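Trainee: There's a structure below that I have some questions on.
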Amino acid sequence: MENSAVAAQLSQQFGLDGEQSVMNPIGNGHINTTMLLKDGEQAVVVQKLNTDVFPKPEHLVENARAIEQHLAEKANNGEYTLNIIKHLPTVENDYLVNLEGGVWRALEFIGGSYSEDVVDSVDKAQTAANAFGLFAKALDDFEAKQLHHVIPDFHNLAKRIEAFEQVLAEDPHGRASECAQVIAFCQSQFSLADELHNTCKEIPLRPCHNDTKINNMLFCSKTNQSKAVIDMDTCMPGYWLFDFGDMVRTFCSPEAEDSLNLDNVIVRENIFCAIVKGYVEPLAEILTEQEKQSFLLGAKVMPFMIGLRFLTDYLDGDNYFATHRAQHNLQRARNQFKLYQDVLAKEESLKNILARY
Ligand code: ADP
Ligand code: GN1
Ligand code: MG
């Protein structure tokens with residue numbers, strides 16, 4: 001089906017004006033196909049869900065809608081001030097539309113906003129981290145057990161290592177030999193999984209976002225303040241160290257996660273400091289001391305784990321993450337391992353920053 005025919009069908013199913021509908025890609029997400037659908041004066045975000053990653057899209061929508069409703073109640077009491085991404089119902093009062101084997105949903109478009117792939121200032125890092133902190137706080141009394149485990153073991157490093165070892169043993173595309181060095185480095189770090197396992201026994205399980213990368217939050221175009229936390233697809237019970245660590249992973253480097261300029265893939269300590277300030281402030285009354293100390297481990301685990309996932313996907317033939325060039329996943333893996341090494345190199349200094357707040 002042509003793009004224009006899909007646009008017309010979606011427009012009809014979601015009850016838009018039914019004038020000329022136009023659909024264009026927005027954002028740089030790696031998983032779903034995200035489009036802005038315009039029809040007359042109306043604009044909505046439509047997403048073709050990646051059903052390899054999310055085999056049960058109805059669970060995804062149930063989770064996201066439960067969170068939406070919880071945040072809406074908080075907003076009514078003045079306890080949550082960011083915009084809430086709402087799912088839009090179809091004319092049949094459903095939330096998913098099947099089109100030629102693809103599954104689509106529609107979300108309210110947050111106009112006057114933008115997302116970024118790299119943070120260019122300390123202020124913005126603090127603003128974004130604060131938004132994720134406000135989000136975490138608003139979910140603190142949310143019954144996370146009601147969430148479906150849309151991707152089981154999503155941040156289980158031991159399981160990610162198993163998956164990597166399995167693909168490496170099979171080497172289905174004969175790619176292992178060209179990245180022997182990066183594989184060896186990766187394998188030399190596997191004890192991180194035990195450290196993570198032991199730490200997680202000591203800290204509370206919380207409702208987590210689980211994908212707090214910088215482009216999963218919208219800034220206001222006029223004020224550069226935070227407008228909304230988006231992409232709730234992986235909200236599941238987890239540990240705040242994951243959300244903290246993913247911010248470090250995606251805010252601290254001055255380079256995008258697929259940059260080839262590895263010399264410049266470093267942890268900017270002033271940005272790290274801004275993340276701590278922004279995130280800890282709304283959580284100050286809830287966060288335990290041990291949990292806060294675990295954030296440093298999060299800063300190591302997240303770049304390492306995503307590097308491992310990119311490398312696994314590379315060896316597996318690029319089935320999971322959207323790629324836009326040959327070796328894209330390998331380049332991302334190298335980049336993330338470089339960042340991880342810089343976290344290790346600056347560990348003492350980062351620990352001191354954490355202790356200050
Ligand atoms: P993915 O799961 O593939 O990462 P996202 O839900 O994160 O998809 O969306 C990808 C991008 O689309 C975001 O980074 C953002 O730029 C844009 N986007 C998504 N939802 C909205 C929305 N409701 N309003 C405005 N922009 C959005
Ligand atoms: C994916 O969907 P997106 O692009 O926000 C991935 C995250 C990774 C990230 C790496 C469901 O996030 O776990 O950290 O890419 N999402 C899923 O950039 O796997
Ligand atoms: Mg996203």
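Chain identifiers are assigned as A, B, and so on, following the order in which chains appear in the structure tokens; residues are numbered from 1 within each chain, and ligands are numbered from 1 in order of appearance.
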Residues up to 10 Å from ligand 1, counting only C-alpha atoms and all ligand atoms: could you list those as JSON, numbers by chain?
Mentor: {"A": [25, 26, 27, 28, 29, 30, 31, 32, 33, 34, 35, 36, 43, 44, 45, 46, 47, 48, 49, 50, 83, 84, 85, 86, 87, 106, 107, 108, 109, 110, 111, 112, 113, 114, 115, 116, 117, 211, 212, 213, 214, 215, 216, 217, 218, 219, 227, 228, 229, 230, 231, 232, 233, 234, 321, 322]}
Trainee: If you run DSSP over the backbone, which residues in segment 137-312 of chain A end up helix (DSSP H, G or I)? Put them as a ChimeraX atom specification.
Mentor: /A:137-138,144-146,157-170,176-187,192-200,214-216,240-251,262-264,269-283,289-312
Trainee: Report as a ChimeraX atom specification all protein, DNA and RNA residues lying within 10 Å of Ala136 of chain A, evaluated on only C-alpha atoms, omitting residues in the same chain fewer than 3 positions from it.
Mentor: /A:130-133,139-142,206-209,240,243,279,282-283
Trainee: Could you go through segment 82-314 of chain A and tell me which residues DSSP, when run on the backbone, assigns to strand (DSSP E or B), listing them as a PyMOL selection string?
Mentor: chain A and resi 83+87+97-99+102-108+113-114+206-208+217-220+226-229+236-238
Trainee: Name the residues in contact with Thr51 of chain A at a cut-off of 12 Å, using only C-alpha atoms, excluding same-chain residues fewer than 4 positions from it; report them as a ChimeraX atom specification.
Mentor: /A:31-33,47,55-60,98,101-104,150-151,320
Trainee: If I take atom CA of Ile275 of chain A and atom CA of Leu82 of chain A, how far is one from the other in Å, to one decimal?
Mentor: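 Rounded to one decimal, the two atoms are 18.1 Å apart.
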Trainee: So that I can check the surroundings of Glu92 of chain A, please list as a PyMOL selection string every protein, DNA and RNA residue that reaches within 10 Å of it, counting only C-alpha atoms and ignoring chain neighbours fewer than 6 positions away.
Mentor: chain A and resi 13-15
Trainee: Those residues with all heavy atoms, as an mmCIF file, in the first residue's frame please?
Mentor:
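again30.cif written:
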```
data_model
loop_
_atom_site.group_PDB
_atom_site.id
_atom_site.type_symbol
_atom_site.label_atom_id
_atom_site.label_comp_id
_atom_site.auth_asym_id
_atom_site.auth_seq_id
_atom_site.Cartn_x
_atom_site.Cartn_y
_atom_site.Cartn_z
ATOM 1 N N GLN A 13 -9.684 5.708 10.102
ATOM 2 C CA GLN A 13 -9.844 4.858 11.291
ATOM 3 C C GLN A 13 -9.780 5.670 12.586
ATOM 4 O O GLN A 13 -10.468 5.360 13.547
ATOM 5 C CB GLN A 13 -8.729 3.799 11.332
ATOM 6 C CG GLN A 13 -8.769 2.833 10.182
ATOM 7 C CD GLN A 13 -9.551 1.571 10.538
ATOM 8 O OE1 GLN A 13 -10.140 1.485 11.601
ATOM 9 N NE2 GLN A 13 -9.563 0.618 9.633
ATOM 10 N N PHE A 14 -8.927 6.704 12.592
ATOM 11 C CA PHE A 14 -8.809 7.490 13.827
ATOM 12 C C PHE A 14 -9.735 8.709 13.805
ATOM 13 O O PHE A 14 -9.631 9.590 14.661
ATOM 14 C CB PHE A 14 -7.348 7.872 14.099
ATOM 15 C CG PHE A 14 -6.522 6.698 14.570
ATOM 16 C CD1 PHE A 14 -5.624 6.070 13.722
ATOM 17 C CD2 PHE A 14 -6.676 6.194 15.852
ATOM 18 C CE1 PHE A 14 -4.889 4.962 14.143
ATOM 19 C CE2 PHE A 14 -5.953 5.087 16.297
ATOM 20 C CZ PHE A 14 -5.055 4.462 15.434
ATOM 21 N N GLY A 15 -10.639 8.741 12.810
ATOM 22 C CA GLY A 15 -11.690 9.760 12.789
ATOM 23 C C GLY A 15 -11.194 11.171 12.595
ATOM 24 O O GLY A 15 -11.746 12.115 13.161
#
```
Trainee: Interatomic distance between atom CA of Asn264 of chain A and atom CA of Ser121 of chain A?
Mentor: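 Spanning atom CA of Asn264 of chain A to atom CA of Ser121 of chain A is a straight-line distance of 16.0 Å.
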Trainee: Find the spatial neighbours of segment 163-174 of chain A, counting only C-alpha atoms, within a cut-off of 7 Å - ignore same-chain residues fewer than 4 positions away - and output them as a ChimeraX atom specification.
Mentor: /A:159,312,315-317
